[in-house]
file my_file_19.pdb (PDB, C-alpha atoms)
MODEL        1
ATOM      1  CA  ILE A   1       9.274   4.748 -14.539  1.00  0.00           C
ATOM      2  CA  PHE A   2      11.386   1.575 -14.715  1.00  0.00           C
ATOM      3  CA  ALA A   3       8.492  -0.421 -16.169  1.00  0.00           C
ATOM      4  CA  TYR A   4       7.934   2.318 -18.740  1.00  0.00           C
ATOM      5  CA  ILE A   5      11.631   2.298 -19.681  1.00  0.00           C
ATOM      6  CA  ALA A   6      11.470  -1.492 -20.026  1.00  0.00           C
ATOM      7  CA  GLY A   7       8.840  -0.989 -22.719  1.00  0.00           C
ATOM      8  CA  GLN A   8       5.925  -2.496 -20.820  1.00  0.00           C
ATOM      9  CA  TYR A   9       3.729   0.600 -21.199  1.00  0.00           C
ATOM     10  CA  ASP A  10       3.100   3.188 -23.917  1.00  0.00           C
ATOM     11  CA  GLU A  11       2.352   6.143 -21.669  1.00  0.00           C
ATOM     12  CA  LEU A  12       3.282   7.329 -18.195  1.00  0.00           C
ATOM     13  CA  VAL A  13       1.085   9.590 -16.045  1.00  0.00           C
ATOM     14  CA  CYS A  14       2.003  10.655 -12.500  1.00  0.00           C
ATOM     15  CA  THR A  15      -0.201  12.525 -10.044  1.00  0.00           C
ATOM     16  CA  ASP A  16       0.442  13.886  -6.552  1.00  0.00           C
ATOM     17  CA  ILE A  17      -1.094  16.547  -4.353  1.00  0.00           C
ATOM     18  CA  ASN A  18       2.330  17.507  -3.000  1.00  0.00           C
ATOM     19  CA  HIS A  19       4.201  20.040  -5.117  1.00  0.00           C
ATOM     20  CA  ARG A  20       7.579  18.863  -3.828  1.00  0.00           C
ATOM     21  CA  ALA A  21       6.793  15.269  -4.822  1.00  0.00           C
ATOM     22  CA  SER A  22       5.842  16.463  -8.310  1.00  0.00           C
ATOM     23  CA  ARG A  23       9.213  18.202  -8.642  1.00  0.00           C
ATOM     24  CA  TYR A  24      10.990  14.968  -7.707  1.00  0.00           C
ATOM     25  CA  VAL A  25       9.016  13.134 -10.391  1.00  0.00           C
ATOM     26  CA  ALA A  26      10.071  15.744 -12.942  1.00  0.00           C
ATOM     27  CA  ALA A  27      13.692  15.268 -11.863  1.00  0.00           C
ATOM     28  CA  ASN A  28      13.340  11.480 -12.247  1.00  0.00           C
ATOM     29  CA  PHE A  29      11.919  11.967 -15.738  1.00  0.00           C
ATOM     30  CA  CYS A  30      14.985  14.018 -16.665  1.00  0.00           C
ATOM     31  CA  LEU A  31      17.472  11.622 -15.079  1.00  0.00           C
ATOM     32  CA  ASN A  32      15.939   8.644 -16.870  1.00  0.00           C
ATOM     33  CA  GLU A  33      15.286  10.516 -20.134  1.00  0.00           C
ATOM     34  CA  VAL A  34      11.606   9.616 -20.256  1.00  0.00           C
ATOM     35  CA  HIS A  35       8.556  11.624 -21.234  1.00  0.00           C
ATOM     36  CA  GLY A  36       5.297  11.593 -19.323  1.00  0.00           C
ATOM     37  CA  ARG A  37       2.566  13.718 -17.839  1.00  0.00           C
ATOM     38  CA  ILE A  38       2.818  15.124 -14.318  1.00  0.00           C
ATOM     39  CA  LEU A  39      -0.481  16.289 -12.837  1.00  0.00           C
ATOM     40  CA  LYS A  40      -0.991  17.978  -9.477  1.00  0.00           C
ATOM     41  CA  GLY A  41      -4.155  16.736  -7.825  1.00  0.00           C
ATOM     42  CA  ASP A  42      -5.754  14.832  -4.986  1.00  0.00           C
ATOM     43  CA  LEU A  43      -5.535  11.174  -6.051  1.00  0.00           C
ATOM     44  CA  PHE A  44      -7.283  10.801  -9.415  1.00  0.00           C
ATOM     45  CA  HIS A  45      -6.942  14.029 -11.383  1.00  0.00           C
ATOM     46  CA  GLU A  46     -10.101  15.492 -12.903  1.00  0.00           C
ATOM     47  CA  GLY A  47      -8.403  15.550 -16.296  1.00  0.00           C
ATOM     48  CA  LEU A  48      -8.094  11.753 -16.254  1.00  0.00           C
ATOM     49  CA  ARG A  49     -11.775  11.000 -15.812  1.00  0.00           C
ATOM     50  CA  LYS A  50     -12.234   9.662 -19.358  1.00  0.00           C
ATOM     51  CA  GLU A  51      -8.991   7.676 -19.420  1.00  0.00           C
ATOM     52  CA  ARG A  52      -8.398   4.032 -18.535  1.00  0.00           C
ATOM     53  CA  PHE A  53      -5.091   2.542 -17.418  1.00  0.00           C
ATOM     54  CA  SER A  54      -3.413  -0.860 -17.530  1.00  0.00           C
ATOM     55  CA  ARG A  55      -1.736  -0.274 -14.178  1.00  0.00           C
ATOM     56  CA  ILE A  56      -2.296   2.126 -11.312  1.00  0.00           C
ATOM     57  CA  VAL A  57       0.621   2.121  -8.871  1.00  0.00           C
ATOM     58  CA  SER A  58       0.488   3.826  -5.484  1.00  0.00           C
ATOM     59  CA  ASN A  59       2.289   4.065  -2.151  1.00  0.00           C
ATOM     60  CA  PRO A  60      -0.408   5.859  -0.129  1.00  0.00           C
ATOM     61  CA  PRO A  61       0.054   7.335   3.372  1.00  0.00           C
ATOM     62  CA  PHE A  62      -0.793   4.817   6.100  1.00  0.00           C
ATOM     63  CA  VAL A  63       0.076   6.092   9.578  1.00  0.00           C
ATOM     64  CA  ALA A  64      -2.785   5.836  12.099  1.00  0.00           C
ATOM     65  CA  LEU A  65      -3.029   8.937  14.289  1.00  0.00           C
ATOM     66  CA  PRO A  66      -5.110   9.152  17.529  1.00  0.00           C
ATOM     67  CA  ARG A  67      -7.714  11.893  17.598  1.00  0.00           C
ATOM     68  CA  PRO A  68      -6.018  13.871  20.429  1.00  0.00           C
ATOM     69  CA  LEU A  69      -2.890  14.222  18.285  1.00  0.00           C
ATOM     70  CA  GLN A  70      -4.676  15.393  15.152  1.00  0.00           C
ATOM     71  CA  SER A  71      -4.784  18.951  16.476  1.00  0.00           C
ATOM     72  CA  ILE A  72      -1.006  18.933  17.010  1.00  0.00           C
ATOM     73  CA  ASN A  73       1.485  19.656  14.241  1.00  0.00           C
ATOM     74  CA  THR A  74       3.036  16.213  13.847  1.00  0.00           C
ATOM     75  CA  ARG A  75       4.524  16.871  10.430  1.00  0.00           C
ATOM     76  CA  PRO A  76       7.094  16.141   9.130  1.00  0.00           C
ATOM     77  CA  SER A  77       7.656  13.499  11.811  1.00  0.00           C
ATOM     78  CA  LEU A  78       4.573  11.609  10.621  1.00  0.00           C
ATOM     79  CA  TYR A  79       4.395  12.649   6.977  1.00  0.00           C
ATOM     80  CA  SER A  80       2.279   9.617   6.083  1.00  0.00           C
ATOM     81  CA  ILE A  81      -0.751  10.337   8.277  1.00  0.00           C
ATOM     82  CA  ALA A  82      -3.960   8.708   7.010  1.00  0.00           C
ATOM     83  CA  GLY A  83      -6.624   9.155   9.669  1.00  0.00           C
ATOM     84  CA  VAL A  84      -7.463   7.399  12.912  1.00  0.00           C
ATOM     85  CA  ASN A  85      -7.058   3.869  11.543  1.00  0.00           C
ATOM     86  CA  GLY A  86      -4.478   4.705   8.866  1.00  0.00           C
ATOM     87  CA  THR A  87      -6.651   3.704   5.905  1.00  0.00           C
ATOM     88  CA  ASP A  88      -8.347   6.974   4.866  1.00  0.00           C
ATOM     89  CA  ILE A  89      -6.329   7.341   1.649  1.00  0.00           C
ATOM     90  CA  LEU A  90      -6.301   3.607   0.941  1.00  0.00           C
ATOM     91  CA  GLN A  91     -10.097   3.513   1.100  1.00  0.00           C
ATOM     92  CA  ARG A  92     -10.414   6.360  -1.391  1.00  0.00           C
ATOM     93  CA  ILE A  93      -7.985   4.797  -3.852  1.00  0.00           C
ATOM     94  CA  VAL A  94      -9.739   1.426  -3.784  1.00  0.00           C
ATOM     95  CA  ALA A  95     -13.185   3.040  -4.054  1.00  0.00           C
ATOM     96  CA  GLU A  96     -12.264   5.179  -7.073  1.00  0.00           C
ATOM     97  CA  SER A  97      -9.680   3.089  -8.940  1.00  0.00           C
ATOM     98  CA  HIS A  98     -12.147   0.712 -10.638  1.00  0.00           C
ATOM     99  CA  ASP A  99     -13.436   3.564 -12.814  1.00  0.00           C
ATOM    100  CA  TYR A 100      -9.907   4.282 -14.098  1.00  0.00           C
ATOM    101  CA  LEU A 101      -8.800   0.715 -14.818  1.00  0.00           C
ATOM    102  CA  ARG A 102      -9.117  -1.182 -18.063  1.00  0.00           C
ATOM    103  CA  SER A 103     -10.975  -4.493 -17.879  1.00  0.00           C
ATOM    104  CA  ASN A 104      -7.642  -6.316 -17.629  1.00  0.00           C
ATOM    105  CA  GLY A 105      -5.997  -3.581 -15.559  1.00  0.00           C
ATOM    106  CA  LYS A 106      -4.577  -3.857 -12.083  1.00  0.00           C
ATOM    107  CA  LEU A 107      -4.181  -1.653  -9.014  1.00  0.00           C
ATOM    108  CA  LEU A 108      -0.813  -2.197  -7.301  1.00  0.00           C
ATOM    109  CA  MET A 109      -0.024  -0.707  -3.902  1.00  0.00           C
ATOM    110  CA  VAL A 110       2.564  -0.899  -1.183  1.00  0.00           C
ATOM    111  CA  THR A 111       1.053   0.357   2.043  1.00  0.00           C
ATOM    112  CA  GLU A 112       0.291  -0.598   5.618  1.00  0.00           C
ATOM    113  CA  VAL A 113      -2.956  -2.330   6.519  1.00  0.00           C
ATOM    114  CA  PRO A 114      -4.547  -3.294   9.842  1.00  0.00           C
ATOM    115  CA  ASN A 115      -5.298  -6.908  10.791  1.00  0.00           C
ATOM    116  CA  ILE A 116      -3.115  -8.186   7.993  1.00  0.00           C
ATOM    117  CA  GLU A 117      -4.489 -11.734   8.157  1.00  0.00           C
ATOM    118  CA  ASP A 118      -7.965 -10.399   7.264  1.00  0.00           C
ATOM    119  CA  SER A 119      -6.788  -7.748   4.793  1.00  0.00           C
ATOM    120  CA  CYS A 120      -8.593  -9.180   1.746  1.00  0.00           C
ATOM    121  CA  ASP A 121     -11.960  -9.017   3.496  1.00  0.00           C
ATOM    122  CA  LEU A 122     -11.172  -5.477   4.638  1.00  0.00           C
ATOM    123  CA  LEU A 123     -10.231  -4.268   1.148  1.00  0.00           C
ATOM    124  CA  LYS A 124     -13.465  -5.681  -0.306  1.00  0.00           C
ATOM    125  CA  LEU A 125     -15.422  -3.357   1.974  1.00  0.00           C
ATOM    126  CA  TYR A 126     -13.812  -0.283   0.418  1.00  0.00           C
ATOM    127  CA  SER A 127     -15.412  -0.623  -3.015  1.00  0.00           C
ATOM    128  CA  GLU A 128     -18.863  -1.354  -4.380  1.00  0.00           C
ATOM    129  CA  LYS A 129     -17.170  -2.883  -7.441  1.00  0.00           C
ATOM    130  CA  ARG A 130     -15.780  -6.426  -7.542  1.00  0.00           C
ATOM    131  CA  PHE A 131     -12.042  -7.126  -7.401  1.00  0.00           C
ATOM    132  CA  HIS A 132      -9.853 -10.165  -7.140  1.00  0.00           C
ATOM    133  CA  ILE A 133      -7.389  -9.307  -4.358  1.00  0.00           C
ATOM    134  CA  GLY A 134      -3.958 -10.557  -3.435  1.00  0.00           C
ATOM    135  CA  VAL A 135      -1.863  -9.461  -0.448  1.00  0.00           C
ATOM    136  CA  ALA A 136       1.714 -10.427   0.453  1.00  0.00           C
ATOM    137  CA  TYR A 137       3.544  -9.411   3.615  1.00  0.00           C
ATOM    138  CA  VAL A 138       6.612 -10.276   5.679  1.00  0.00           C
ATOM    139  CA  GLY A 139       5.818 -11.962   8.981  1.00  0.00           C
ATOM    140  CA  ALA A 140       8.606 -10.120  10.797  1.00  0.00           C
ATOM    141  CA  ASP A 141       7.071  -6.767   9.811  1.00  0.00           C
ATOM    142  CA  VAL A 142       3.799  -7.353  11.687  1.00  0.00           C
ATOM    143  CA  GLU A 143       3.492  -4.961  14.644  1.00  0.00           C
ATOM    144  CA  GLU A 144       1.075  -5.526  17.511  1.00  0.00           C
ATOM    145  CA  VAL A 145      -0.795  -2.375  18.531  1.00  0.00           C
ATOM    146  CA  GLU A 146       1.345  -1.779  21.632  1.00  0.00           C
ATOM    147  CA  VAL A 147       4.571  -1.894  19.620  1.00  0.00           C
ATOM    148  CA  TYR A 148       3.044   0.209  16.861  1.00  0.00           C
ATOM    149  CA  GLY A 149       1.830   2.880  19.290  1.00  0.00           C
ATOM    150  CA  GLN A 150       5.202   3.181  20.996  1.00  0.00           C
ATOM    151  CA  ALA A 151       7.061   3.427  17.699  1.00  0.00           C
ATOM    152  CA  ARG A 152       4.785   6.164  16.341  1.00  0.00           C
ATOM    153  CA  GLU A 153       4.919   8.100  19.618  1.00  0.00           C
ATOM    154  CA  ASN A 154       8.701   8.067  19.474  1.00  0.00           C
ATOM    155  CA  GLU A 155       8.584   9.398  15.935  1.00  0.00           C
ATOM    156  CA  VAL A 156       6.405  12.345  16.962  1.00  0.00           C
ATOM    157  CA  SER A 157       7.806  13.285  20.354  1.00  0.00           C
ATOM    158  CA  GLU A 158       8.866  11.448  23.453  1.00  0.00           C
ATOM    159  CA  THR A 159       7.109  14.101  25.552  1.00  0.00           C
ATOM    160  CA  LEU A 160       3.539  13.566  24.326  1.00  0.00           C
ATOM    161  CA  HIS A 161       3.032  10.287  26.206  1.00  0.00           C
ATOM    162  CA  GLN A 162       0.084   9.238  24.048  1.00  0.00           C
ATOM    163  CA  ASN A 163       1.033   5.573  23.627  1.00  0.00           C
ATOM    164  CA  GLU A 164      -1.917   4.450  25.757  1.00  0.00           C
ATOM    165  CA  ARG A 165      -4.304   6.548  23.679  1.00  0.00           C
ATOM    166  CA  TRP A 166      -2.769   5.162  20.488  1.00  0.00           C
ATOM    167  CA  CYS A 167      -3.343   1.601  21.629  1.00  0.00           C
ATOM    168  CA  MET A 168      -6.806   2.318  23.015  1.00  0.00           C
ATOM    169  CA  GLU A 169      -8.149   3.754  19.772  1.00  0.00           C
ATOM    170  CA  GLN A 170      -6.707   0.875  17.741  1.00  0.00           C
ATOM    171  CA  GLU A 171      -8.287  -1.667  20.081  1.00  0.00           C
ATOM    172  CA  GLU A 172     -11.627   0.171  19.997  1.00  0.00           C
ATOM    173  CA  MET A 173     -11.627  -0.425  16.225  1.00  0.00           C
ATOM    174  CA  SER A 174     -10.769  -4.120  16.827  1.00  0.00           C
ATOM    175  CA  ILE A 175      -7.317  -3.645  15.303  1.00  0.00           C
ATOM    176  CA  ARG A 176      -4.882  -6.287  16.539  1.00  0.00           C
ATOM    177  CA  ASN A 177      -1.851  -5.550  14.389  1.00  0.00           C
ATOM    178  CA  ARG A 178      -0.542  -3.656  11.384  1.00  0.00           C
ATOM    179  CA  ALA A 179       1.863  -4.611   8.607  1.00  0.00           C
ATOM    180  CA  LEU A 180       3.339  -3.251   5.399  1.00  0.00           C
ATOM    181  CA  ALA A 181       2.028  -5.183   2.411  1.00  0.00           C
ATOM    182  CA  LEU A 182       2.115  -5.581  -1.352  1.00  0.00           C
ATOM    183  CA  ILE A 183      -1.477  -5.378  -2.609  1.00  0.00           C
ATOM    184  CA  ALA A 184      -2.739  -6.277  -6.082  1.00  0.00           C
ATOM    185  CA  MET A 185      -6.371  -5.726  -7.070  1.00  0.00           C
ATOM    186  CA  LYS A 186      -7.849  -6.652 -10.441  1.00  0.00           C
ATOM    187  CA  PRO A 187     -11.429  -6.029 -11.609  1.00  0.00           C
ATOM    188  CA  ASP A 188     -13.122  -9.418 -11.606  1.00  0.00           C
ATOM    189  CA  ASP A 189     -16.771 -10.469 -11.318  1.00  0.00           C
ATOM    190  CA  ASN A 190     -15.617 -13.631  -9.573  1.00  0.00           C
ATOM    191  CA  SER A 191     -14.166 -11.737  -6.650  1.00  0.00           C
ATOM    192  CA  GLY A 192     -11.861 -13.637  -4.335  1.00  0.00           C
ATOM    193  CA  GLY A 193      -8.691 -13.118  -2.407  1.00  0.00           C
ATOM    194  CA  SER A 194      -5.493 -14.631  -1.037  1.00  0.00           C
ATOM    195  CA  VAL A 195      -3.045 -13.539   1.653  1.00  0.00           C
ATOM    196  CA  TYR A 196       0.576 -14.716   1.453  1.00  0.00           C
ATOM    197  CA  ARG A 197       2.931 -14.527   4.416  1.00  0.00           C
ATOM    198  CA  PHE A 198       6.676 -14.448   3.803  1.00  0.00           C
ATOM    199  CA  ASP A 199       8.490 -15.888   6.814  1.00  0.00           C
ATOM    200  CA  PRO A 200      12.299 -16.104   6.597  1.00  0.00           C
ATOM    201  CA  SER A 201      12.348 -18.014   9.894  1.00  0.00           C
ATOM    202  CA  VAL A 202      10.738 -21.097   8.323  1.00  0.00           C
ATOM    203  CA  PRO A 203      13.227 -24.008   8.590  1.00  0.00           C
ATOM    204  CA  LYS A 204      14.974 -24.995   5.389  1.00  0.00           C
ATOM    205  CA  SER A 205      13.910 -28.071   3.451  1.00  0.00           C
ATOM    206  CA  ILE A 206      15.427 -31.367   4.546  1.00  0.00           C
ATOM    207  CA  ASP A 207      16.943 -31.923   1.115  1.00  0.00           C
ATOM    208  CA  SER A 208      18.204 -28.341   0.762  1.00  0.00           C
ATOM    209  CA  GLU A 209      21.271 -26.706   2.262  1.00  0.00           C
ATOM    210  CA  GLU A 210      19.673 -23.275   2.142  1.00  0.00           C
ATOM    211  CA  GLN A 211      16.148 -22.007   2.628  1.00  0.00           C
ATOM    212  CA  ASP A 212      14.481 -21.082  -0.639  1.00  0.00           C
ATOM    213  CA  GLU A 213      11.570 -18.801  -1.470  1.00  0.00           C
ATOM    214  CA  GLU A 214       9.091 -21.653  -1.569  1.00  0.00           C
ATOM    215  CA  ASP A 215       9.983 -22.603   2.009  1.00  0.00           C
ATOM    216  CA  ALA A 216       9.464 -19.035   3.151  1.00  0.00           C
ATOM    217  CA  PHE A 217       6.172 -18.478   1.348  1.00  0.00           C
ATOM    218  CA  LEU A 218       4.939 -22.014   2.051  1.00  0.00           C
ATOM    219  CA  THR A 219       3.186 -22.088  -1.333  1.00  0.00           C
ATOM    220  CA  LYS A 220       4.193 -21.687  -4.970  1.00  0.00           C
ATOM    221  CA  GLN A 221       1.193 -19.391  -5.370  1.00  0.00           C
ATOM    222  CA  GLY A 222       2.771 -16.918  -2.973  1.00  0.00           C
ATOM    223  CA  ILE A 223       5.981 -16.846  -4.982  1.00  0.00           C
ATOM    224  CA  HIS A 224       4.086 -16.409  -8.255  1.00  0.00           C
ATOM    225  CA  PHE A 225       1.940 -13.621  -6.828  1.00  0.00           C
ATOM    226  CA  THR A 226       4.905 -11.607  -5.589  1.00  0.00           C
ATOM    227  CA  ARG A 227       6.987 -12.048  -8.722  1.00  0.00           C
ATOM    228  CA  SER A 228       4.135 -11.294 -11.102  1.00  0.00           C
ATOM    229  CA  ASN A 229       3.179  -8.113  -9.273  1.00  0.00           C
ATOM    230  CA  LEU A 230       6.621  -6.600  -8.914  1.00  0.00           C
ATOM    231  CA  ILE A 231       6.819  -3.547 -11.140  1.00  0.00           C
ATOM    232  CA  PHE A 232       9.087  -5.146 -13.773  1.00  0.00           C
ATOM    233  CA  ASN A 233       6.777  -8.128 -14.180  1.00  0.00           C
ATOM    234  CA  SER A 234       3.435  -6.367 -13.910  1.00  0.00           C
TER     235      SER A 234
ENDMDL
END

call {"tool": "encode", "arguments": {"input": "my_file_19.pdb", "output": "structure tokens"}}
result
Amino acid sequence: IFAYIAGQYDELVCTDINHRASRYVAANFCLNEVHGRILKGDLFHEGLRKERFSRIVSNPPFVALPRPLQSINTRPSLYSIAGVNGTDILQRIVAESHDYLRSNGKLLMVTEVPNIEDSCDLLKLYSEKRFHIGVAYVGADVEEVEVYGQARENEVSETLHQNERWCMEQEEMSIRNRALALIAMKPDDNSGGSVYRFDPSVPKSIDSEEQDEEDAFLTKQGIHFTRSNLIFNS
């Protein structure tokens, strides 16, 4: 909505399978005095099949849920459930988005991914089409599977005692850690990828009194990637 208000786009289309979420979008349209289409559907609405977009922006569910807990009503405690490894919705978005993007379009997401260091290689597996992929994350946000399992168990119920099962299933899928990330994917025959780690704990430069963004990202490319893919600059 903010990017639309800033005049970066000519049209705004929002879709969600949740009726309550759609009502919030309608309220945001009114509050910001903007006009757009609101469609209720599961990811890409059937009515959009012939349309192509400059940007597709999503914050998909990402919580990994062990199989034994999938028969238990864990909502709304874990409202962002996305399968055993937490990537069920992410996989669908990546697999389908290419057909809805313009040639110079871009898919932007904020979501959690497993094995963050290898996230570009993982995302490539989700689509038969070629993308150039960029991922940025904060080092302090990376959770090892034991920490992740305990945190999710506490969110559901302290009486379920499924932390061991949570960890076991993650390890069976060779998942070492999980982290929230900014993901940008652009259709590109010369597919490639870069992962940028933001680490506020990096010591400041010798000639600087304060740490700057370049210190934290280690590379100028990381700074450029994050700035260029924030909604206002996309």

call {"tool": "closest_residue", "arguments": {"input": "my_file_19.pdb", "among": "A:Ala82, A:Ser194, A:Met173, A:Glu11", "to": "A:Gly134", "atoms": "all atoms listed in the file"}}
result
A:Ser194

call {"tool": "resolve_selection", "arguments": {"input": "my_file_19.pdb", "expression": "the PyMOL selection byres ((chain A and resi 107) around 6)", "output": "number ranges by chain"}}
result
A: 55-56, 106, 108, 184-185

call {"tool": "resolve_selection", "arguments": {"input": "my_file_19.pdb", "expression": "the PyMOL selection byres ((chain A and resi 87) around 9)", "output": "VMD selection string"}}
result
chain A and resid 60 to 64 82 to 86 88 to 92 112 to 114

call {"tool": "write_last_selection", "arguments": {"input": "my_file_19.pdb", "atoms": "C-alpha atoms", "output": "tab-separated table (two decimals), keeping the file's coordinate frame"}}
result
chain	number	residue	atom	x	y	z
A	60	PRO	CA	-0.41	5.86	-0.13
A	61	PRO	CA	0.05	7.34	3.37
A	62	PHE	CA	-0.79	4.82	6.10
A	63	VAL	CA	0.08	6.09	9.58
A	64	ALA	CA	-2.78	5.84	12.10
A	82	ALA	CA	-3.96	8.71	7.01
A	83	GLY	CA	-6.62	9.15	9.67
A	84	VAL	CA	-7.46	7.40	12.91
A	85	ASN	CA	-7.06	3.87	11.54
A	86	GLY	CA	-4.48	4.70	8.87
A	88	ASP	CA	-8.35	6.97	4.87
A	89	ILE	CA	-6.33	7.34	1.65
A	90	LEU	CA	-6.30	3.61	0.94
A	91	GLN	CA	-10.10	3.51	1.10
A	92	ARG	CA	-10.41	6.36	-1.39
A	112	GLU	CA	0.29	-0.60	5.62
A	113	VAL	CA	-2.96	-2.33	6.52
A	114	PRO	CA	-4.55	-3.29	9.84

call {"tool": "resolve_selection", "arguments": {"input": "my_file_19.pdb", "expression": "the PyMOL selection byres ((chain A and resi 149) around 10)", "output": "list of chain:residue names"}}
result
A:Ala64, A:Leu65, A:Pro66, A:Glu143, A:Glu144, A:Val145, A:Glu146, A:Val147, A:Tyr148, A:Gln150, A:Ala151, A:Arg152, A:Glu153, A:Asn154, A:Glu155, A:Gln162, A:Asn163, A:Glu164, A:Arg165, A:Trp166, A:Cys167, A:Met168, A:Gln170

call {"tool": "residues_around", "arguments": {"input": "my_file_19.pdb", "residues": "stretch 21-29 of chain A", "least_positions_apart": "6", "cutoff": "8 Å", "atoms": "all atoms listed in the file", "output": "list in words"}}
result
Ile1, Cys14, Thr15, His35, Gly36, Ile38, Leu39 and Lys40 of chain A

call {"tool": "closest_residue", "arguments": {"input": "my_file_19.pdb", "among": "A:Leu101, A:Ile116, A:Ala3, A:Val142", "to": "A:Lys129", "atoms": "only C-alpha atoms"}}
result
A:Leu101

call {"tool": "closest_residue", "arguments": {"input": "my_file_19.pdb", "among": "A:Asp118, A:Leu180, A:Val34, A:Ile5", "to": "A:Asn59", "atoms": "only C-alpha atoms"}}
result
A:Leu180

call {"tool": "decode", "arguments": {"input": "my_file_19.pdb", "residues": "stretch 35-41 of chain A", "atoms": "all heavy atoms", "output": "tab-separated table (two decimals), in the first residue's frame"}}
result
chain	number	residue	atom	x	y	z
A	35	HIS	N	-7.37	2.93	-3.75
A	35	HIS	CA	-8.31	2.03	-4.42
A	35	HIS	C	-7.53	0.83	-4.95
A	35	HIS	O	-6.44	0.96	-5.51
A	35	HIS	CB	-9.01	2.75	-5.57
A	35	HIS	CG	-9.81	3.93	-5.14
A	35	HIS	ND1	-11.05	3.82	-4.53
A	35	HIS	CD2	-9.54	5.25	-5.20
A	35	HIS	CE1	-11.51	5.03	-4.26
A	35	HIS	NE2	-10.61	5.92	-4.66
A	36	GLY	N	-8.09	-0.34	-4.77
A	36	GLY	CA	-7.45	-1.56	-5.25
A	36	GLY	C	-8.43	-2.71	-5.23
A	36	GLY	O	-9.56	-2.57	-4.76
A	37	ARG	N	-7.99	-3.83	-5.75
A	37	ARG	CA	-8.83	-5.02	-5.76
A	37	ARG	C	-8.46	-5.94	-4.59
A	37	ARG	O	-7.28	-6.16	-4.32
A	37	ARG	CB	-8.66	-5.78	-7.06
A	37	ARG	CG	-9.34	-5.13	-8.25
A	37	ARG	CD	-9.20	-5.99	-9.48
A	37	ARG	NE	-7.86	-5.92	-10.04
A	37	ARG	CZ	-7.36	-6.81	-10.92
A	37	ARG	NH1	-8.09	-7.85	-11.29
A	37	ARG	NH2	-6.16	-6.66	-11.40
A	38	ILE	N	-9.47	-6.48	-3.93
A	38	ILE	CA	-9.27	-7.44	-2.86
A	38	ILE	C	-9.94	-8.74	-3.28
A	38	ILE	O	-11.16	-8.78	-3.49
A	38	ILE	CB	-9.87	-6.95	-1.52
A	38	ILE	CG1	-9.27	-5.60	-1.14
A	38	ILE	CG2	-9.63	-7.98	-0.42
A	38	ILE	CD1	-9.91	-4.97	0.08
A	39	LEU	N	-9.15	-9.79	-3.41
A	39	LEU	CA	-9.67	-11.08	-3.87
A	39	LEU	C	-9.46	-12.14	-2.79
A	39	LEU	O	-8.38	-12.21	-2.20
A	39	LEU	CB	-8.97	-11.51	-5.16
A	39	LEU	CG	-9.01	-10.50	-6.32
A	39	LEU	CD1	-8.16	-11.00	-7.47
A	39	LEU	CD2	-10.44	-10.26	-6.77
A	40	LYS	N	-10.47	-12.94	-2.54
A	40	LYS	CA	-10.35	-14.02	-1.57
A	40	LYS	C	-9.99	-15.30	-2.31
A	40	LYS	O	-10.73	-15.76	-3.18
A	40	LYS	CB	-11.65	-14.21	-0.78
A	40	LYS	CG	-11.53	-15.22	0.36
A	40	LYS	CD	-12.81	-15.27	1.18
A	40	LYS	CE	-12.61	-16.17	2.40
A	40	LYS	NZ	-12.37	-17.57	2.05
A	41	GLY	N	-8.83	-15.85	-1.99
A	41	GLY	CA	-8.41	-17.06	-2.68
A	41	GLY	C	-7.16	-17.64	-2.07
A	41	GLY	O	-6.51	-17.02	-1.23
